[in-house]
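One file, model11.txt, is given below (compact mmCIF, C-alpha atoms).
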# COMPACT_ATOMS: atom_id res chain seq x y z
CA MET A 100 -34.73 36.22 -8.86
CA THR A 101 -36.33 35.99 -5.42
CA ALA A 102 -34.36 35.19 -2.28
CA ASP A 103 -35.97 31.74 -2.09
CA ALA A 104 -35.07 31.01 -5.70
CA THR A 105 -31.49 32.15 -5.14
CA THR A 106 -31.17 29.91 -2.08
CA ALA A 107 -32.59 26.97 -4.02
CA ALA A 108 -30.16 27.59 -6.88
CA VAL A 109 -27.17 27.73 -4.53
CA GLY A 110 -28.33 24.55 -2.80
CA LEU A 111 -28.70 22.82 -6.13
CA ARG A 112 -25.23 23.88 -7.19
CA ARG A 113 -23.83 22.51 -3.95
CA ARG A 114 -25.58 19.21 -4.50
CA ASP A 115 -24.37 19.09 -8.09
CA LEU A 116 -20.82 19.90 -7.02
CA PHE A 117 -20.85 17.17 -4.36
CA ALA A 118 -22.31 14.70 -6.85
CA ALA A 119 -19.65 15.62 -9.40
CA GLU A 120 -16.85 15.03 -6.88
CA VAL A 121 -18.32 11.69 -5.82
CA THR A 122 -18.59 10.71 -9.49
CA LYS A 123 -14.91 11.55 -10.04
CA ILE A 124 -13.94 9.20 -7.24
CA VAL A 125 -16.23 6.26 -7.98
CA THR A 126 -15.48 6.31 -11.71
CA HIS A 127 -11.71 6.23 -11.22
CA PRO A 128 -10.50 2.65 -11.77
CA VAL A 129 -7.98 2.89 -8.92
CA THR A 130 -10.86 3.37 -6.47
CA TRP A 131 -12.35 -0.05 -7.13
CA LEU A 132 -8.99 -1.79 -7.50
CA ALA A 133 -7.89 -0.42 -4.12
CA ILE A 134 -11.16 -1.34 -2.39
CA VAL A 135 -11.22 -4.89 -3.76
CA ALA A 136 -7.53 -5.45 -3.03
CA THR A 137 -7.93 -4.15 0.53
CA LEU A 138 -10.96 -6.35 1.14
CA VAL A 139 -9.12 -9.45 -0.11
CA LEU A 140 -5.97 -8.67 1.88
CA ASN A 141 -7.82 -7.84 5.08
CA THR A 142 -10.04 -10.89 4.91
CA GLY A 143 -7.14 -13.19 4.10
CA LEU A 144 -4.86 -11.86 6.84
CA ASP A 145 -7.58 -11.84 9.50
CA ALA A 146 -8.76 -15.33 8.55
CA ALA A 147 -5.17 -16.57 8.83
CA ALA A 148 -4.78 -14.80 12.17
CA ALA A 149 -8.03 -16.37 13.45
CA THR A 150 -6.61 -19.89 13.01
CA ASP A 151 -3.52 -19.02 15.06
CA ALA A 152 -1.63 -21.37 12.76
CA VAL A 153 0.52 -18.64 11.24
CA ARG A 154 3.34 -17.47 13.49
CA ILE A 155 6.15 -15.08 12.70
CA GLY A 156 9.63 -15.73 14.07
CA ALA A 157 11.50 -18.81 15.11
CA GLY A 158 11.46 -21.14 18.10
CA ASP A 159 10.10 -19.79 21.36
CA GLY A 160 10.19 -16.27 19.94
CA ALA A 161 7.49 -16.93 17.36
CA VAL A 162 4.60 -14.48 17.56
CA ALA A 163 1.04 -15.18 16.46
CA LEU A 164 -0.11 -13.22 13.43
CA SER A 165 -3.06 -11.88 15.45
CA GLU A 166 -0.61 -10.01 17.68
CA LEU A 167 1.18 -8.28 14.81
CA GLY A 168 -0.87 -5.14 14.31
CA GLY A 169 1.59 -3.74 11.81
CA VAL A 170 1.06 -6.71 9.49
CA LEU A 171 -2.72 -6.73 9.89
CA MET A 172 -2.85 -3.00 9.24
CA ALA A 173 -0.72 -3.13 6.09
CA PRO A 174 -3.76 -3.23 3.73
CA VAL A 175 -4.78 0.27 4.82
CA TYR A 176 -1.92 1.59 2.72
CA VAL A 177 -3.59 0.13 -0.32
CA PHE A 178 -6.90 1.64 0.77
CA ILE A 179 -5.46 5.18 0.99
CA LEU A 180 -4.88 5.08 -2.77
CA VAL A 181 -8.60 5.87 -3.11
CA ALA A 182 -8.00 9.27 -1.49
CA VAL A 183 -4.58 9.86 -3.02
CA PHE A 184 -5.82 9.39 -6.58
CA ALA A 185 -8.99 11.37 -5.87
CA ALA A 186 -6.82 14.39 -5.06
CA GLY A 187 -3.55 13.86 -6.89
CA SER A 188 -4.86 12.75 -10.26
CA GLU A 189 -6.43 16.17 -10.87
CA TYR A 190 -2.98 17.71 -11.20
CA HIS A 191 -2.34 15.82 -14.42
CA ASN A 192 -3.21 17.28 -17.82
CA GLY A 193 -4.57 20.52 -16.34
CA GLN A 194 -7.76 18.94 -14.97
CA LEU A 195 -7.64 21.01 -11.79
CA ARG A 196 -7.44 24.20 -13.82
CA VAL A 197 -10.63 23.23 -15.59
CA THR A 198 -12.29 22.44 -12.27
CA LEU A 199 -11.28 25.81 -10.78
CA THR A 200 -12.57 27.59 -13.88
CA ALA A 201 -15.93 25.88 -13.47
CA VAL A 202 -15.98 26.37 -9.67
CA PRO A 203 -14.04 29.53 -8.72
CA ASP A 204 -15.30 29.34 -5.12
CA ARG A 205 -12.41 27.30 -3.74
CA LEU A 206 -13.87 27.00 -0.24
CA ARG A 207 -17.02 25.41 -1.61
CA LEU A 208 -14.98 23.22 -3.95
CA TYR A 209 -12.72 21.94 -1.18
CA ALA A 210 -15.68 21.32 1.13
CA ALA A 211 -17.31 19.28 -1.64
CA LYS A 212 -14.10 17.32 -2.22
CA LEU A 213 -13.76 16.42 1.47
CA ALA A 214 -17.45 15.56 1.77
CA ALA A 215 -17.25 13.36 -1.33
CA LEU A 216 -14.13 11.63 -0.03
CA LEU A 217 -15.84 10.79 3.26
CA ALA A 218 -19.02 9.72 1.47
CA VAL A 219 -16.96 7.12 -0.39
CA THR A 220 -14.38 6.07 2.18
CA VAL A 221 -16.65 5.70 5.23
CA PRO A 222 -18.92 3.00 3.75
CA ALA A 223 -15.94 1.49 1.92
CA ALA A 224 -14.06 1.25 5.24
CA VAL A 225 -16.97 -0.68 6.73
CA VAL A 226 -16.94 -3.05 3.76
CA VAL A 227 -13.20 -3.77 3.74
CA VAL A 228 -12.74 -4.03 7.51
CA THR A 229 -15.83 -5.84 8.82
CA PRO A 230 -15.59 -9.35 7.28
CA GLY A 231 -12.02 -9.97 8.35
CA ARG A 232 -12.41 -8.46 11.82
CA LEU A 233 -15.52 -10.52 12.47
CA ALA A 234 -13.74 -13.67 11.33
CA LEU A 235 -11.01 -12.90 13.85
CA LEU A 236 -13.20 -11.80 16.76
CA LEU A 237 -16.39 -13.87 16.64
CA GLY A 238 -16.52 -16.60 19.26
CA GLU A 239 -13.76 -15.07 21.36
CA THR A 240 -15.00 -11.54 22.03
CA SER A 241 -18.25 -10.16 23.44
CA ALA A 242 -20.56 -8.18 21.18
CA PRO A 243 -19.87 -4.80 22.88
CA ASP A 244 -16.12 -5.36 22.60
CA ILE A 245 -16.49 -6.32 18.94
CA ALA A 246 -18.36 -3.08 18.30
CA VAL A 247 -15.60 -1.03 19.96
CA GLU A 248 -12.92 -2.92 18.05
CA LEU A 249 -14.68 -2.32 14.74
CA LEU A 250 -15.12 1.39 15.47
CA ARG A 251 -11.41 1.74 16.20
CA TRP A 252 -10.47 0.08 12.91
CA TYR A 253 -13.04 2.13 11.02
CA ALA A 254 -11.49 5.29 12.47
CA VAL A 255 -8.06 4.28 11.18
CA TYR A 256 -9.48 3.52 7.74
CA VAL A 257 -11.22 6.89 7.59
CA VAL A 258 -8.51 9.17 8.97
CA LEU A 259 -5.47 7.76 7.15
CA PRO A 260 -7.10 8.37 3.73
CA VAL A 261 -7.80 11.98 4.78
CA ILE A 262 -4.10 12.33 5.59
CA GLY A 263 -3.23 10.86 2.20
CA PHE A 264 -5.72 13.20 0.54
CA GLY A 265 -4.14 16.28 2.10
CA LEU A 266 -0.62 15.12 1.25
CA ALA A 267 -1.63 14.49 -2.37
CA ILE A 268 -2.75 18.10 -2.69
CA VAL A 269 0.36 19.44 -0.96
CA THR A 270 2.73 17.37 -3.12
CA ARG A 271 0.55 17.56 -6.27
CA ASN A 272 1.15 13.91 -7.20
CA VAL A 273 0.02 10.38 -6.37
CA VAL A 274 3.42 8.85 -5.59
CA ALA A 275 4.75 10.90 -2.67
CA PRO A 276 1.83 10.46 -0.19
CA PRO A 277 1.78 6.64 -0.02
CA THR A 278 5.59 6.64 -0.10
CA LEU A 279 5.79 9.00 2.87
CA LEU A 280 3.11 7.14 4.83
CA VAL A 281 4.74 3.74 4.24
CA LEU A 282 8.33 4.92 4.66
CA ALA A 283 7.82 6.12 8.25
CA PRO A 284 6.75 2.72 9.68
CA VAL A 285 9.48 0.98 7.66
CA LEU A 286 12.14 3.24 9.17
CA VAL A 287 10.72 2.58 12.62
CA ALA A 288 10.54 -1.19 12.12
CA THR A 289 14.13 -1.39 10.84
CA GLY A 290 15.44 0.68 13.75
CA VAL A 291 16.69 3.54 11.58
CA PHE A 292 14.49 6.01 13.43
CA GLN A 293 14.69 5.56 17.22
CA VAL A 294 13.09 8.46 19.05
CA PRO A 295 10.15 6.92 20.97
CA GLU A 296 8.73 10.28 22.05
CA VAL A 297 8.35 11.24 18.39
CA ILE A 298 7.60 7.80 16.96
CA ARG A 299 4.51 7.35 19.12
CA LEU A 300 3.05 10.50 17.55
CA LEU A 301 3.38 9.29 13.94
CA PRO A 302 0.12 8.33 12.20
CA HIS A 303 1.06 4.65 11.85
CA GLU A 304 2.11 4.22 15.46
CA ALA A 305 -0.92 6.13 16.74
CA SER A 306 -3.11 3.86 14.62
CA LEU A 307 -1.52 0.75 16.12
CA SER A 308 -2.10 2.08 19.63
CA LEU A 309 -5.69 2.94 18.78
CA VAL A 310 -6.48 -0.63 17.73
CA GLY A 311 -4.62 -2.05 20.71
CA THR A 312 -1.53 -3.53 19.05
CA PRO A 313 1.33 -1.04 19.52
CA ALA A 314 4.56 -2.12 17.88
CA TYR A 315 6.63 -1.40 21.00
CA SER A 316 5.77 -0.72 24.62
CA VAL A 317 7.79 2.52 24.55
CA THR A 318 5.67 3.89 21.70
CA GLU A 319 2.31 2.85 23.14
CA LEU A 320 -0.37 5.49 23.64
CA HIS A 321 -3.64 5.20 25.51
CA PRO A 322 -6.40 4.58 22.92
CA GLY A 323 -7.97 7.94 23.72
CA ALA A 324 -4.68 9.75 23.24
CA ALA A 325 -4.00 7.75 20.08
CA ALA A 326 -7.40 8.75 18.68
CA ALA A 327 -6.65 12.41 19.43
CA VAL A 328 -3.22 12.20 17.78
CA LEU A 329 -4.63 10.50 14.69
CA ALA A 330 -7.49 13.02 14.45
CA GLY A 331 -4.93 15.82 14.80
CA TRP A 332 -2.97 14.47 11.84
CA GLY A 333 -6.17 14.28 9.81
CA VAL A 334 -7.11 17.88 10.60
CA LEU A 335 -3.55 19.08 9.92
CA ALA A 336 -3.33 17.28 6.57
CA ALA A 337 -6.78 18.49 5.49
CA ALA A 338 -5.91 22.05 6.51
CA ALA A 339 -2.58 21.90 4.65
CA GLY A 340 -4.32 20.60 1.53
CA GLY A 341 -6.97 23.31 1.78
CA TYR A 342 -4.35 26.02 2.21
CA CYS A 343 -2.47 24.87 -0.86
CA LEU A 344 -5.66 24.75 -2.91
CA PHE A 345 -6.66 28.25 -1.77
CA ARG A 346 -3.28 29.97 -2.00
CA ARG A 347 -1.05 28.08 -4.41
CA ASP A 348 -2.89 26.17 -7.09
CA ALA A 349 -3.87 28.08 -10.22
Do you think you could lay out the structure here as structure tokens?
Amino acid sequence: MTADATTAAVGLRRRDLFAAEVTKIVTHPVTWLAIVATLVLNTGLDAAAATDAVRIGAGDGAVALSELGGVLMAPVYVFILVAVFAAGSEYHNGQLRVTLTAVPDRLRLYAAKLAALLAVTVPAAVVVVTPGRLALLLGETSAPDIAVELLRWYAVYVVLPVIGFGLAIVTRNVVAPPTLLVLAPVLVATGVFQVPEVIRLLPHEASLSLVGTPAYSVTELHPGAAAAVLAGWGVLAAAAGGYCLFRRDA
């Protein structure tokens, strides 16, 4: 086989591998259930927040729903199930073993998995975030500010699934990652965990700061710092998942 033919064959295999990983994600029923549920929840919450009729609290202490970033961001934890099931479901019934037998090059396999995840979650993030955000922002915010706001929310909806993806590989199941990601903000909200210097660096709190609605002033980060913290979590989780796939999984 000539060098050109070999290169073409490798390229084809890479395309086939990427296509196979995308197919695994888009044919999993949880993918579509999570996307539809997130779209409905986001649109409903943002539409309610846009009316300013829904307030949380009592008396003079009532807070408008539009100011409660933690509530408006809650649907993202449904959205991360797309990534969690894409990674974690392969550990059932020996499916990953079959995949590794077919693709022994784990670096190429993991690269294809990450690329496929982003190929699905990036456009899906745009779909589930945009309608609700526009309903909330149109008429009150300038076009450039709307664009920045959307980009910040897209970033959250892209990075948190990557974190869930890495955790699913590390834990080898689909229950632990969403539990861990949801448990942290619950502990913070209930006051069980009260170390502001650490809390502000958690994915949920960094996400709230990034979109401009930090839960508490003591945990607020500058949006640029919040973006860096969130990106760091994404890289760390992806690296941990890759390490486990390379070194541990048989």
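Closest approach to Ala275 in chain A among A:Val225, A:Arg346, A:Gly187, A:Arg114 is made by A:Gly187 (distances from only C-alpha atoms).
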TODO: Compare A:Pro260, A:Leu195, A:Val125, A:Asp204 by their minimum atom-to-atom distance to Val175 in chain A, counting only C-alpha atoms, and give me the closest one.
DONE: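 Smallest distance to Val175 in chain A is found for A:Pro260.
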TODO: Using all atoms listed in the file, find the one residue out of A:Leu329, A:Met172, A:Val162, A:Val121 that sits nearest to Leu140 in chain A.
DONE: A:Met172
Open item on the list: From the options A:Thr150, A:Ser165, A:Thr312, A:Thr126, which residue's atoms come nearest to Phe184 in chain A, counting all atoms listed in the file?
Closed with: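 Ranked by minimum distance to Phe184 in chain A, first place goes to A:Thr126.
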Task: Which of A:Ala201, A:Val274, A:Leu280, A:Ala218 sits closest to Phe117 in chain A [using all atoms listed in the file] - done: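 Closest to Phe117 in chain A, using all atoms listed in the file: A:Ala218.
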TODO: Around the point (-2.5, 10.4, -8.4), in the coordinates given by the file, pick out the residues reaching within 9 Å, counting all atoms listed in the file, and return them as a list in words.
DONE: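 Every polymer residue passing the test: Leu180, Ala182, Val183, Phe184, Ala185, Ala186, Gly187, Ser188, Glu189, Tyr190, His191, Ala267, Arg271, Asn272, Val273 and Val274 of chain A.
If all atoms listed in the file are the atoms counted, then among A:Ala119, A:Ala246, A:Ala148, A:Val258 the closest residue to Val221 in chain A is A:Val258.
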With all atoms of range 166-172 of chain A from the file as input, state the centre and edge lengths in Å to one decimal of the axis-aligned box that has 4 Å extra on each side, as JSON.
{"center_x": -0.6, "center_y": -6.5, "center_z": 13.5, "size_x": 12.4, "size_y": 15.0, "size_z": 16.4}
Task: Length of the CA of Leu216 in chain A to CA of Leu320 in chain A vector [Å] - done: 28.1 Å
Completed range 272-303 of chain A (N, CA and C atoms) as a short mmCIF file (atom, residue, chain, number, x, y, z; two decimals), in the coordinates of the input:
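result-v3.cif, written as the output of this step:
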data_model
loop_
_atom_site.label_atom_id
_atom_site.label_comp_id
_atom_site.auth_asym_id
_atom_site.auth_seq_id
_atom_site.Cartn_x
_atom_site.Cartn_y
_atom_site.Cartn_z
N ASN A 272 0.95 15.15 -6.46
CA ASN A 272 1.15 13.91 -7.20
C ASN A 272 0.61 12.74 -6.40
N VAL A 273 0.62 11.57 -7.01
CA VAL A 273 0.02 10.38 -6.37
C VAL A 273 1.08 9.41 -5.84
N VAL A 274 2.34 9.75 -6.00
CA VAL A 274 3.42 8.85 -5.59
C VAL A 274 3.93 9.20 -4.20
N ALA A 275 4.14 10.48 -3.93
CA ALA A 275 4.75 10.90 -2.67
C ALA A 275 3.92 10.53 -1.43
N PRO A 276 2.59 10.74 -1.42
CA PRO A 276 1.83 10.46 -0.19
C PRO A 276 1.93 9.02 0.30
N PRO A 277 1.64 8.01 -0.54
CA PRO A 277 1.78 6.64 -0.02
C PRO A 277 3.22 6.30 0.34
N THR A 278 4.18 6.88 -0.41
CA THR A 278 5.59 6.64 -0.10
C THR A 278 5.94 7.18 1.28
N LEU A 279 5.51 8.39 1.57
CA LEU A 279 5.79 9.00 2.87
C LEU A 279 5.12 8.22 4.00
N LEU A 280 3.86 7.82 3.78
CA LEU A 280 3.11 7.14 4.83
C LEU A 280 3.67 5.73 5.10
N VAL A 281 4.18 5.09 4.07
CA VAL A 281 4.74 3.74 4.24
C VAL A 281 6.18 3.81 4.74
N LEU A 282 6.92 4.82 4.30
CA LEU A 282 8.33 4.92 4.66
C LEU A 282 8.53 5.08 6.17
N ALA A 283 7.66 5.86 6.81
CA ALA A 283 7.82 6.12 8.25
C ALA A 283 7.78 4.83 9.07
N PRO A 284 6.74 3.97 8.90
CA PRO A 284 6.75 2.72 9.68
C PRO A 284 7.89 1.78 9.31
N VAL A 285 8.35 1.82 8.06
CA VAL A 285 9.48 0.98 7.66
C VAL A 285 10.74 1.42 8.39
N LEU A 286 10.97 2.73 8.46
CA LEU A 286 12.14 3.24 9.17
C LEU A 286 12.09 2.89 10.65
N VAL A 287 10.88 2.93 11.21
CA VAL A 287 10.72 2.58 12.62
C VAL A 287 10.99 1.10 12.83
N ALA A 288 10.41 0.26 11.97
CA ALA A 288 10.54 -1.19 12.12
C ALA A 288 11.98 -1.66 11.95
N THR A 289 12.74 -0.98 11.08
CA THR A 289 14.13 -1.39 10.84
C THR A 289 15.10 -0.76 11.84
N GLY A 290 14.59 0.08 12.73
CA GLY A 290 15.44 0.68 13.75
C GLY A 290 16.22 1.88 13.30
N VAL A 291 15.97 2.37 12.08
CA VAL A 291 16.69 3.54 11.58
C VAL A 291 16.29 4.78 12.38
N PHE A 292 15.03 4.85 12.72
CA PHE A 292 14.49 6.01 13.43
C PHE A 292 14.14 5.57 14.85
N GLN A 293 14.88 6.04 15.85
CA GLN A 293 14.69 5.56 17.22
C GLN A 293 14.54 6.73 18.20
N VAL A 294 13.42 7.39 18.11
CA VAL A 294 13.09 8.46 19.05
C VAL A 294 11.66 8.19 19.52
N PRO A 295 11.49 7.37 20.57
CA PRO A 295 10.15 6.92 20.97
C PRO A 295 9.15 8.06 21.20
N GLU A 296 9.63 9.18 21.76
CA GLU A 296 8.73 10.28 22.05
C GLU A 296 8.12 10.86 20.78
N VAL A 297 8.85 10.76 19.68
CA VAL A 297 8.35 11.24 18.39
C VAL A 297 7.62 10.14 17.65
N ILE A 298 8.18 8.92 17.69
CA ILE A 298 7.60 7.80 16.96
C ILE A 298 6.15 7.56 17.36
N ARG A 299 5.87 7.64 18.65
CA ARG A 299 4.51 7.35 19.12
C ARG A 299 3.48 8.33 18.58
N LEU A 300 3.96 9.48 18.07
CA LEU A 300 3.05 10.50 17.55
C LEU A 300 2.87 10.41 16.04
N LEU A 301 3.55 9.47 15.38
CA LEU A 301 3.38 9.29 13.94
C LEU A 301 2.04 8.62 13.66
N PRO A 302 1.44 8.89 12.50
CA PRO A 302 0.12 8.33 12.20
C PRO A 302 0.06 6.80 12.32
N HIS A 303 1.08 6.11 11.81
CA HIS A 303 1.06 4.65 11.85
C HIS A 303 1.10 4.13 13.28
#
